[in-house]
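Just below is one structure, and these are the notes that go with it.
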Amino acid sequence: MSFVTVRHFTEDDVPTRIALLRESRFQANLTDFAVVSSDDDLTAGQFRTIAEEHDTKRILTLCAPGGETVGFAWITSIDWRAQTCELSFGVLPRYRGAFGAKAVIAAHTHIRRELNMRVVINQVLEHNTMLVSAGDLTDRRRVRCAYDSYTVGEWRTACYWTETQEEAQRTLDALDERRREIAERIRATSAKASAS
């Protein structure tokens, strides 16, 4: 069983997503349009996405093993022929530490396997190190765009890079190898302590 699962965003998810859109760290790290939008406007926008905009964007709900919502992922700038899109995330504050990285992996896996996306465009505001360290962001970025976004009263610099299906698999393989190495070190240390 997967640690985080992905399902379609529904009308029942709208209040939870609106609360996330209004959360201060979300606004500082992605967009603050929710600050100037009414609840009715935000709700109407979410309903419009569900009913009318699947050809240009999709929202996905990220769930913990028990089914509770831990956050959302959404794809925009979809080019169905080229099989490319931009992928964004928002994990609910109380789940960020426990589910953040797993939510990212689940969303990437879903859009590649279920929606056949071959290339994903990543954009992270340079100050946002919630899921990517500053060093990793510097290593990954291919484009650095100053004055990309205006959020919470400041111009923000964005970093962009693409990731192919093959690159994503190499990243997952490297994570699995790192986990195996750590587990082996723990087993070796435990065996040494037991033998003493």
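Following the order of the structure tokens, chains are lettered A, B, ..., residues in each are numbered from 1, and ligands are numbered from 1.
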Every residue of stretch 22-139 of chain A that DSSP places in strand (DSSP E or B), as a count of residues only: 32
Stretch 159-163 of chain A environment, 12 Å, only C-alpha atoms, sequence neighbours closer than 3 positions dropped, as a PyMOL selection string: chain A and resi 84-87+108+112+117-129+132+134+136-149+156+166-171
Selected residue, from A:Lys102, A:Arg185, A:Arg179, A:Arg22, that lies nearest to A:Val4 when counting only C-alpha atoms: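 Among the listed residues, the smallest separation from A:Val4 belongs to A:Lys102.
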Long-range neighbours of A:Ile111 as a count of residues only, 12 Å cut-off, only C-alpha atoms, 2 positions minimum in chain: 35
Long-range neighbours of A:Gly71 as a list in words, 6 Å cut-off, only C-alpha atoms, 6 positions minimum in chain: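 Contacts, with the query itself left out: Leu62, Gly90, Val91 and Leu92 of chain A.
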Could you save those same residues with all heavy atoms as an mmCIF file, in the first residue's frame?
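The result, written out as part-v5.cif:
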```cif
data_model
loop_
_atom_site.group_PDB
_atom_site.id
_atom_site.type_symbol
_atom_site.label_atom_id
_atom_site.label_comp_id
_atom_site.auth_asym_id
_atom_site.auth_seq_id
_atom_site.Cartn_x
_atom_site.Cartn_y
_atom_site.Cartn_z
ATOM 1 N N LEU A 62 -4.420 14.704 -2.337
ATOM 2 C CA LEU A 62 -3.414 13.802 -1.800
ATOM 3 C C LEU A 62 -3.904 13.298 -0.447
ATOM 4 O O LEU A 62 -4.299 14.093 0.408
ATOM 5 C CB LEU A 62 -2.088 14.543 -1.635
ATOM 6 C CG LEU A 62 -1.585 15.243 -2.904
ATOM 7 C CD1 LEU A 62 -0.413 16.163 -2.585
ATOM 8 C CD2 LEU A 62 -1.212 14.229 -3.966
ATOM 9 N N GLY A 90 0.582 21.750 -2.611
ATOM 10 C CA GLY A 90 0.266 22.422 -1.366
ATOM 11 C C GLY A 90 -0.114 21.376 -0.344
ATOM 12 O O GLY A 90 -1.125 20.700 -0.492
ATOM 13 N N VAL A 91 0.727 21.198 0.666
ATOM 14 C CA VAL A 91 0.456 20.234 1.729
ATOM 15 C C VAL A 91 -0.089 21.013 2.921
ATOM 16 O O VAL A 91 0.414 22.087 3.257
ATOM 17 C CB VAL A 91 1.728 19.438 2.089
ATOM 18 C CG1 VAL A 91 1.468 18.484 3.246
ATOM 19 C CG2 VAL A 91 2.236 18.662 0.869
ATOM 20 N N LEU A 92 -1.134 20.487 3.542
ATOM 21 C CA LEU A 92 -1.739 21.144 4.695
ATOM 22 C C LEU A 92 -0.702 21.296 5.812
ATOM 23 O O LEU A 92 0.128 20.402 6.006
ATOM 24 C CB LEU A 92 -2.941 20.345 5.191
ATOM 25 C CG LEU A 92 -4.082 20.156 4.181
ATOM 26 C CD1 LEU A 92 -5.164 19.254 4.760
ATOM 27 C CD2 LEU A 92 -4.673 21.489 3.767
#
```
Among the residues A:Thr61, A:Thr56, A:Gln27, A:Thr43, the one that comes closest to A:His110 [using only C-alpha atoms]: A:Thr61
Residue list (helix (DSSP H, G or I), DSSP) for stretch 66-175 of chain A, as a ChimeraX atom specification: /A:93-113,134-140,165-175
Written selection (C-alpha atoms) as a tab-separated table (two decimals), in the first residue's frame:
```tsv
chain	number	residue	atom	x	y	z
A	93	PRO	CA	0.31	22.69	7.54
A	94	ARG	CA	-0.22	19.87	10.04
A	95	TYR	CA	1.00	17.26	7.53
A	96	ARG	CA	4.02	19.00	5.99
A	97	GLY	CA	6.74	17.23	7.95
A	98	ALA	CA	5.17	13.78	7.83
A	99	PHE	CA	3.79	13.72	4.29
A	100	GLY	CA	5.49	16.45	2.22
A	101	ALA	CA	8.10	14.41	0.35
A	102	LYS	CA	5.80	11.38	-0.03
A	103	ALA	CA	3.06	13.64	-1.42
A	104	VAL	CA	5.43	14.99	-4.07
A	105	ILE	CA	6.45	11.48	-5.13
A	106	ALA	CA	2.81	10.30	-5.24
A	107	ALA	CA	1.76	13.25	-7.41
A	108	HIS	CA	4.67	12.80	-9.82
A	109	THR	CA	3.94	9.07	-10.07
A	110	HIS	CA	0.22	9.67	-10.69
A	111	ILE	CA	0.62	12.23	-13.45
A	112	ARG	CA	3.21	10.11	-15.22
A	113	ARG	CA	1.37	6.77	-14.93
A	134	ALA	CA	18.60	25.84	-1.24
A	135	GLY	CA	21.61	23.84	-2.49
A	136	ASP	CA	19.44	21.31	-4.31
A	137	LEU	CA	17.43	24.13	-5.85
A	138	THR	CA	20.62	25.77	-7.12
A	139	ASP	CA	21.79	22.43	-8.59
A	140	ARG	CA	18.47	21.65	-10.29
A	165	GLN	CA	10.32	10.46	-16.84
A	166	GLU	CA	13.82	8.96	-16.93
A	167	GLU	CA	15.24	11.68	-14.69
A	168	ALA	CA	12.40	11.21	-12.20
A	169	GLN	CA	13.08	7.46	-12.07
A	170	ARG	CA	16.80	8.07	-11.45
A	171	THR	CA	15.88	10.39	-8.55
A	172	LEU	CA	13.57	7.74	-7.05
A	173	ASP	CA	16.23	5.04	-7.50
A	174	ALA	CA	18.80	7.24	-5.74
A	175	LEU	CA	16.38	7.81	-2.83
```
